[in-house]
Amino acid sequence: MSCTVDFHVTVTSDDLFWASLASGLRLLGQLESGLAAAPERSCAVFDSDGHWASAVASSGTLIFEMHTSDATPKGIEMRLEGEPLFCRLFLSADQRYAATGVYLSTGNEDAVQIGVFDRSTNKWASNFVVKASDDLSSKLRLDGFLGDTSKLVVTGIGKSKPSEDVKVRVLLFGPDGQPTAESGFDRTLPRSNRSWDADSVDARHNRLWFVGSPQFCPIKSVTLTGPVGYFPSITASAVGGTVCLPIAIGFPQADVVVGGSTGNQNWVWRVDVGSGTGEKMELPQSKPTGLAKWNSYAMSPVPEFSPDGEVFAVGRSVTAWDTFDQSRDNGGELDVIQSKPLKVLAVIPLKDGCGPGSVAVDHRNGSIMVLQRHCGKWERDEFPKTPR
């Protein structure tokens with residue numbers, strides 16, 4: 001997967017997050033647009049061979065490219081039907097298809113424009129728009145490919161009152177952009193999930209994770225498509241109460257869940273669902289300097305994983321508060337972390353100015369590649385896989 005953000009498609013003025021994911025969800029705008037409004041939105045992802053796909057959207061046009069070691073990338077255009085707010089990029093399990101979801105500003109209506117690129121023909125297989133509706137009134141998302149298939153998963157929640165349970169709608173589309181015969185699944189979740197901003201859809205493993213109400217733990221999971229069936233839950237006994245309402249959550253492998261939380265302390269954790277065991281690790285925090293009294297952290301809701309799931313990156317922005325409770329942006333960082341056992345492998349400062357527009361991570365042959373978009377250019381950091 002890869003970068004940038006929003007679900008009820010609004011962009012925050014904070015801009016320290018990739019974008020906002022509905023109802024104030026912010027996905028690390030410093031990675032998306034830096035400290036000032038960015039002229040473009042971008043996303044990228046590595047495949048299992050170390051090649052990478054990228055998409056850059058600006059001025060009503062998206063440029064898609066496949067980057068390989070033996071050829072110069074050739075940009076393929078797609079016209080956009082609105083102003084891009086952020087994008088996400090996914091590869092099918094067989095790596096034939098690359099799907100770009102561009103979240104659009106189209107007046108008062110939320111929409112996601114999806115382009116499916118066929119790597120076997122080097123052409124767009126489809127280009128279509130999914131718009132908000134009563135069944136998809138908020139948190140409209142492209143969540144990738146379902147399992148080992150080429151079916152695309154789009155989810156959203158329907159209109160309901162705050163006191164009512166949440167109705168999640170799951171749509172399936174073929175690579176040709178047409179709804180599949182079995183498209184249209186409904187899942188009813190506790191009302192707390194209306195305000196839980198983390199992207200809890202695990203399309204690759206056909207799971208939808210959700211929190212309870214009024215108690216958030218245990219975190220449970222249900223089949224995303226097909227007949228309703230429940231999987232093992234994550235309880236506080238696995239790594240402590242920090243798992244109960246994670247800000248970030250990801251699914252690097254079957255039966256493995258990784259999460260992160262901020263607050264008085266910044267944590268990342270991993271739980272092996274089958275055994276109910278796991279571990280957690282505190283992330284480093286900078287000490288306040290000058291007139292600053294304390295620092296607060298915000299975390300990207302979607303960690304970026306390498307194709308093998310062994311390494312991931314999570315972005316954090318820092319806000320410094322003085323004795324008068326006035327705040328100022330104090331930069332941010334990209335923490336590159338080994339999944340098992342948890343280890344911080346590198347901390348990459350986020351650059352000021354226009355800021356990188358996306359992040360993708362690759363891991364192979366004992367080394368790690370971190371790809372970022374910064375000031376209209378792709379930049380790469382490569383380093384050995386050794387703990388700090």
# chains A, B, ... in the order shown; residues from 1 in each chain; ligands from 1
$ residues_around --residues "segment 66-83 of chain A" --least-positions-apart "6" --cutoff "9 Å" --atoms "only C-alpha atoms" --output "PyMOL selection string"
chain A and resi 50-54+57-60+102-107+111+113+115+119+122-124+127+129
$ closest_atom_pairs --of "segment 259-310 of chain A" --to "segment 318-339 of chain A" --cutoff "10 Å" --atoms "only C-alpha atoms" --output "CSV"
residue,atom,partner,partner_atom,distance
A:Val268,CA,A:Ile337,CA,9.2
A:Trp269,CA,A:Ser339,CA,8.8
A:Arg270,CA,A:Ser339,CA,7.3
A:Leu283,CA,A:Asp335,CA,8.4
A:Pro284,CA,A:Asp335,CA,9.4
A:Gln285,CA,A:Val318,CA,9.1
A:Ser286,CA,A:Val318,CA,8.7
A:Lys287,CA,A:Ala320,CA,9.7
A:Pro288,CA,A:Ala320,CA,7.1
A:Thr289,CA,A:Ala320,CA,8.8
A:Gly290,CA,A:Asp322,CA,9.0
A:Leu291,CA,A:Asp322,CA,5.7
A:Ala292,CA,A:Asp322,CA,4.3
A:Lys293,CA,A:Asp322,CA,4.8
A:Trp294,CA,A:Trp321,CA,5.5
A:Asn295,CA,A:Ala320,CA,4.5
A:Ser296,CA,A:Thr319,CA,5.2
A:Tyr297,CA,A:Val318,CA,4.8
A:Ala298,CA,A:Val318,CA,6.6
A:Met299,CA,A:Val318,CA,9.2
A:Ser300,CA,A:Leu334,CA,9.7
A:Pro303,CA,A:Val336,CA,9.8
A:Glu304,CA,A:Val336,CA,9.4
A:Phe305,CA,A:Ser339,CA,9.2
A:Gly309,CA,A:Ser339,CA,7.3
A:Glu310,CA,A:Ser339,CA,5.1
$ atom_distance --atom1 "atom CA of Ala360 of chain A" --atom2 "atom CA of Gln372 of chain A"
6.8 Å
$ atom_distance --atom1 "atom CA of Asp362 of chain A" --atom2 "atom CA of Glu65 of chain A"
17.3 Å
$ residues_around --residues "segment 160-175 of chain A" --least-positions-apart "4" --cutoff "7 Å" --atoms "only C-alpha atoms" --output "list in words"
Val116, Ala125, Ser126, Asp135, Leu136, Ser150, Lys151, Leu152, Val153, Val154, Thr155, Gly156, Pro179, Thr180, Ser183, Gly184, Phe185, Asp186, Arg187, Thr188, Leu189, Pro190, Arg191, Asn193 and Arg194 of chain A
$ select_by_dssp --residues "segment 162-360 of chain A" --states "helix (DSSP H, G or I)" --output "MDAnalysis selection string"
chainID A and resid 191:194 203:205 241:243
$ closest_residue --among "A:Val257, A:Leu85, A:Ser92, A:Phe64" --to "Ile219 of chain A" --atoms "only C-alpha atoms"
A:Val257
$ closest_residue --among "A:Phe312, A:Phe231, A:Tyr97, A:Trp196" --to "Val258 of chain A" --atoms "only C-alpha atoms"
A:Phe312
$ select_by_dssp --residues "segment 138-177 of chain A" --states "strand (DSSP E)" --output "list in words"
Ser138, Lys139, Leu140, Arg141, Leu142, Asp143, Gly144, Phe145, Leu152, Val153, Val154, Thr155, Gly156, Ile157, Val166, Lys167, Val168, Arg169, Val170, Leu171, Leu172 and Phe173 of chain A
$ write_last_selection --atoms "C-alpha atoms" --output "tab-separated table (two decimals), in the first residue's frame"
chain	number	residue	atom	x	y	z
A	138	SER	CA	-18.72	8.77	4.80
A	139	LYS	CA	-15.35	7.05	5.10
A	140	LEU	CA	-15.45	6.23	1.40
A	141	ARG	CA	-12.30	4.18	0.73
A	142	LEU	CA	-10.52	2.10	-1.84
A	143	ASP	CA	-9.03	-0.69	0.28
A	144	GLY	CA	-7.10	-2.69	-2.31
A	145	PHE	CA	-7.59	-6.13	-3.83
A	152	LEU	CA	-11.22	-4.32	-5.92
A	153	VAL	CA	-12.71	-3.52	-2.51
A	154	VAL	CA	-14.47	-0.20	-1.87
A	155	THR	CA	-16.00	0.46	1.55
A	156	GLY	CA	-17.96	3.17	3.33
A	157	ILE	CA	-20.48	3.64	6.08
A	166	VAL	CA	-22.69	1.61	12.16
A	167	LYS	CA	-23.65	0.07	8.82
A	168	VAL	CA	-20.57	-0.76	6.73
A	169	ARG	CA	-21.12	-1.34	3.01
A	170	VAL	CA	-18.62	-3.39	0.98
A	171	LEU	CA	-18.56	-3.16	-2.82
A	172	LEU	CA	-16.52	-5.30	-5.21
A	173	PHE	CA	-15.39	-4.28	-8.69
$ closest_residue --among "A:Ala181, A:Val273, A:Val228, A:Met281" --to "Thr242 of chain A" --atoms "only C-alpha atoms"
A:Met281
$ atom_distance --atom1 "atom CA of Gly250 of chain A" --atom2 "atom CA of Pro301 of chain A"
8.8 Å
$ closest_residue --among "A:His363, A:Ser358, A:Ala93, A:Gly263" --to "Lys377 of chain A" --atoms "only C-alpha atoms"
A:Ser358
